[in-house]
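Notes for the one structure printed next.
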Amino acid sequence: MSVDDETFDGWVREYTRPLFGIAYWWTGSRAEAEELTQEAFFQAYRSRGSLRDLAVAKSWLIGILRHCHAQTRRKNQPHAHISLDEMLHDLPGKESMPDEVLALHQSLARLEEHHRLPLILFYFEDVSYKDISVALDIPIGTVMSRLARGKQILHRALSQQNNLVVLPKREAR
Amino acid sequence: MNCELCQTEMHPWRAGSEPGLSPEVLAHLSSCAVCASRYGRMVDVDERVRRTIRSVAAPTDLEGRIFRGLEHERRQKGEERSWWKLWLAVPLVACLMLAAGLVGRPYLAERQLQRDLSVLISQPPESQMVTTDRARILDWSAGELHGSSQLPPELGRVQFRGATSLEIAHRRAVLLKMKNEQRASLLVVEGALGRKKGFTFLSAAQGNASVWSDRDRTYVLLFRGDRQAMQTYMVKMGIVA
């Protein structure tokens with residue numbers, strides 16, 4: 001099945017916002033999220049011939065976003081071993097973030113990636129369980145079990161920190 | 001159902017999404033105040049998280065940047081496609097040229113022959129070899145044409161008085177002047193010229209010509225006179241019936 005330019009442009013208009021949102025919460029960085037969203041659309045455009053069913057366009061795009069995310073992580077492998085403490089300190093633009101956004105970042109940072117990725121998709125109501133399953137390439141049963149575990153950890157983290165963990169300022173390295 | 005299992009099952013649940021909560025979970029929630037309270041908190045927290053997650057807006061120019069990038073992709077793809085088409089056109093053009101050459105070459109050769117014959121009829125060259133010995137003339141001609149000294153059967157009765165070697169339509173040829181008819185001469189050209197089988201008649205300002213070919217050579221009877229006289233001569237010499 002070939003996707004014509006007009007259809008693809010329609011997807012850009014419809015899905016730029018949710019894809020950026022997903023990428024933002026996956027990475028915790030606006031700059032990285034912008035880059036990922038753009039790259040996902042470019043890769044999707046190049047491989048649009050591989051899409052068999054237009055009805056699954058959204059989960060297909062999220063799947064490509066996940067692939068780009070994994071690629072970026074592999075490329076930046078040396079930085080992948082940042083400690084949790086460092087991650088919380090290094091959250092870009094945290095000074096200007098509303099408290100609840102920063103609290104959520106800090107809580108999400110406590111989750112393993114295989115819990116964090118489906119959980120963020122879960123909070124986008126228009127992404128169905130099936131979309132999550134297709135996008136992350138895991139069975140629905142696995143989606144449900146990861147959501148159950150991820151949500152328990154997240155809720156615990158949010159209640160423990162009582163909205164916000166204030167970290168002491170670190171000295172410049 | 002116990003409390004632990006209830007919590008595990010209620011956590012992935014999302015309002016309005018399928019699958020909904022199972023009847024077992026619903027039954028447990030209605031009978032267990034602790035789980036019902038946890039369930040209520042979970043729904044509140046989920047709603048808060050959902051609002052926070054959705055509060056992050058995409059940069060206003062992101063969509064525009066994506067479109068600009070796509071435009072670039074499409075332009076590049078278009079250029080690649082045109083190069084690909086160009087490369088595809090190369091063998092096509094080569095085939096067309098070959099076909100034009102195959103079809104056009106005999107036509108061009110015939111035109112050249114016609115021009116050269118007109119000159120030959122109006123200004124016949126001097127003989128390089130003067131003799132009436134048919135065998136000698138044919139041997140000499142065979143040497144000039146690098147081939148057989150035999151003429152086809154329809155020319156078995158013609159006699160010659162002189163011969164000249166020359167080039168016609170970019171091919172080697174010999175012009176043999178007839179012994180018993182001053183107006184007639186025979187041109188023998190290497191290779192088959194012309195597109196038709198059988199005799200082709202050509203007219204020039206000073207006379208006429210009749211052209212025919214076999215596999216290896218082309219024969220032209222040149223005649224300084226009208227076509228009727230040429231045909232009478234050809235019949236007389238047994239060239240045509």
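Please note that chains go A, B, ... in the order of the structure tokens, that every chain numbers its residues from 1, and that ligands are numbered from 1 in the order shown.
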- Item | Close residues, range 62-69 of chain B itself excluded, 10 Å, only C-alpha atoms, min 4 positions apart in chain, as a PyMOL selection string | (chain A and resi 9+12-17+20+34-35+37-42) or (chain B and resi 58+73-75)
- Message: Show me, as JSON, numbers by chain, the residues of chain B whose atoms get within 12 Å of chain A, using only C-alpha atoms for the distance check.
- Response: {"B": [4, 5, 6, 7, 8, 9, 10, 11, 12, 13, 14, 15, 16, 17, 18, 19, 20, 38, 39, 41, 42, 43, 44, 45, 46, 47, 48, 49, 50, 51, 52, 53, 54, 55, 56, 57, 58, 59, 60, 61, 62, 63, 64, 65, 66, 67, 68, 69, 70, 71, 72, 73, 74, 76, 77]}
- Message: If DSSP is run on the backbone, what residues of range 75-222 of chain B are strand (DSSP E)? A reply as a PyMOL selection string would be ideal.
- Response: chain B and resi 129-130+160-168+171-178+184-190+200-204+207-213+217-222
- Message: as an MDAnalysis selection string, please: every residue in range 17-230 of chain B that a backbone DSSP assignment puts in helix (DSSP H, G or I).
- Response: chainID B and resid 23:31 33:54 62:122 134:145 153:155 227:230
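All residues of protein, DNA or RNA that reach within 12 Å of Glu154 in chain B, judged by only C-alpha atoms and not counting those fewer than 5 positions away in the chain, are Trp212, Ser213, Asp214, Tyr219, Leu221, Met234, Val235, Lys236, Met237, Gly238, Ile239, Val240 and Ala241 of chain B.
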- Name the closest residue to Leu65 in chain A among the candidates A:Leu121, A:Ala135, A:Val3, A:Leu111; distances are taken between atoms, counting only C-alpha atoms. A:Ala135
- Query: Quick one: residues within 12 Å of range 110-115 of chain B, only C-alpha atoms counted, chain neighbours fewer than 6 positions away excluded, as a PyMOL selection string?
  - Reply: chain B and resi 104+121-122+167-171+173+187+189+192-196+200-205+208-212+218-220+222
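With only C-alpha atoms taken into account, the protein and nucleic acid residues at most 9 Å from range 181-184 of chain B (excluding it and anything under 4 positions from it in its own chain) are Lys177, Leu221, Leu222, Phe223, Arg224, Gly225, Met230 and Tyr233 of chain B.
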- From B:Asn180, B:Gly147, B:Gly156, B:Ser30, residue lying nearest Arg217 in chain B [only C-alpha atoms]: B:Gly147
- Quick one: residues within 10 Å of His67 in chain A, only C-alpha atoms counted, chain neighbours fewer than 3 positions away excluded, as a list in words? Leu36, Ala40, Gln43, Leu61, Ile62, Gly63, Ile64, Ala70, Gln71, Thr72, Arg73, Ala135 and Leu136 of chain A
Go ahead and write the residues just picked, N, CA, C and O atoms, as an mmCIF file, in the first residue's frame.
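The resulting file, out.cif, is reproduced below:
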data_model
loop_
_atom_site.group_PDB
_atom_site.id
_atom_site.type_symbol
_atom_site.label_atom_id
_atom_site.label_comp_id
_atom_site.auth_asym_id
_atom_site.auth_seq_id
_atom_site.Cartn_x
_atom_site.Cartn_y
_atom_site.Cartn_z
ATOM 1 N N LEU A 36 13.515 13.979 18.155
ATOM 2 C CA LEU A 36 12.940 12.640 17.956
ATOM 3 C C LEU A 36 11.675 12.690 17.104
ATOM 4 O O LEU A 36 11.469 11.859 16.227
ATOM 5 N N ALA A 40 11.353 10.907 13.614
ATOM 6 C CA ALA A 40 10.340 9.848 13.456
ATOM 7 C C ALA A 40 9.505 10.101 12.199
ATOM 8 O O ALA A 40 9.249 9.182 11.422
ATOM 9 N N GLN A 43 11.719 9.378 9.093
ATOM 10 C CA GLN A 43 11.906 7.935 8.874
ATOM 11 C C GLN A 43 10.594 7.295 8.410
ATOM 12 O O GLN A 43 10.595 6.416 7.562
ATOM 13 N N LEU A 61 3.391 5.020 13.763
ATOM 14 C CA LEU A 61 4.236 6.203 13.991
ATOM 15 C C LEU A 61 4.886 6.150 15.383
ATOM 16 O O LEU A 61 6.067 6.481 15.535
ATOM 17 N N ILE A 62 4.109 5.725 16.379
ATOM 18 C CA ILE A 62 4.677 5.642 17.744
ATOM 19 C C ILE A 62 5.783 4.580 17.770
ATOM 20 O O ILE A 62 6.811 4.753 18.429
ATOM 21 N N GLY A 63 5.562 3.501 17.017
ATOM 22 C CA GLY A 63 6.585 2.455 16.924
ATOM 23 C C GLY A 63 7.881 3.009 16.340
ATOM 24 O O GLY A 63 8.981 2.692 16.805
ATOM 25 N N ILE A 64 7.752 3.851 15.321
ATOM 26 C CA ILE A 64 8.939 4.458 14.713
ATOM 27 C C ILE A 64 9.599 5.420 15.703
ATOM 28 O O ILE A 64 10.831 5.481 15.815
ATOM 29 N N ALA A 70 15.285 4.488 20.725
ATOM 30 C CA ALA A 70 16.267 3.439 21.035
ATOM 31 C C ALA A 70 17.581 3.720 20.319
ATOM 32 O O ALA A 70 18.670 3.545 20.887
ATOM 33 N N GLN A 71 17.479 4.199 19.062
ATOM 34 C CA GLN A 71 18.689 4.522 18.285
ATOM 35 C C GLN A 71 19.485 5.617 18.990
ATOM 36 O O GLN A 71 20.705 5.536 19.114
ATOM 37 N N THR A 72 18.789 6.666 19.421
ATOM 38 C CA THR A 72 19.449 7.788 20.089
ATOM 39 C C THR A 72 20.130 7.301 21.370
ATOM 40 O O THR A 72 21.257 7.701 21.668
ATOM 41 N N ARG A 73 19.450 6.453 22.093
ATOM 42 C CA ARG A 73 20.021 5.943 23.352
ATOM 43 C C ARG A 73 21.282 5.133 23.079
ATOM 44 O O ARG A 73 22.263 5.236 23.800
ATOM 45 N N ALA A 135 2.779 -0.573 18.975
ATOM 46 C CA ALA A 135 3.897 0.388 18.958
ATOM 47 C C ALA A 135 5.136 -0.159 19.658
ATOM 48 O O ALA A 135 6.261 0.057 19.211
ATOM 49 N N LEU A 136 4.927 -0.861 20.779
ATOM 50 C CA LEU A 136 6.079 -1.367 21.538
ATOM 51 C C LEU A 136 6.440 -2.799 21.143
ATOM 52 O O LEU A 136 7.413 -3.354 21.649
#
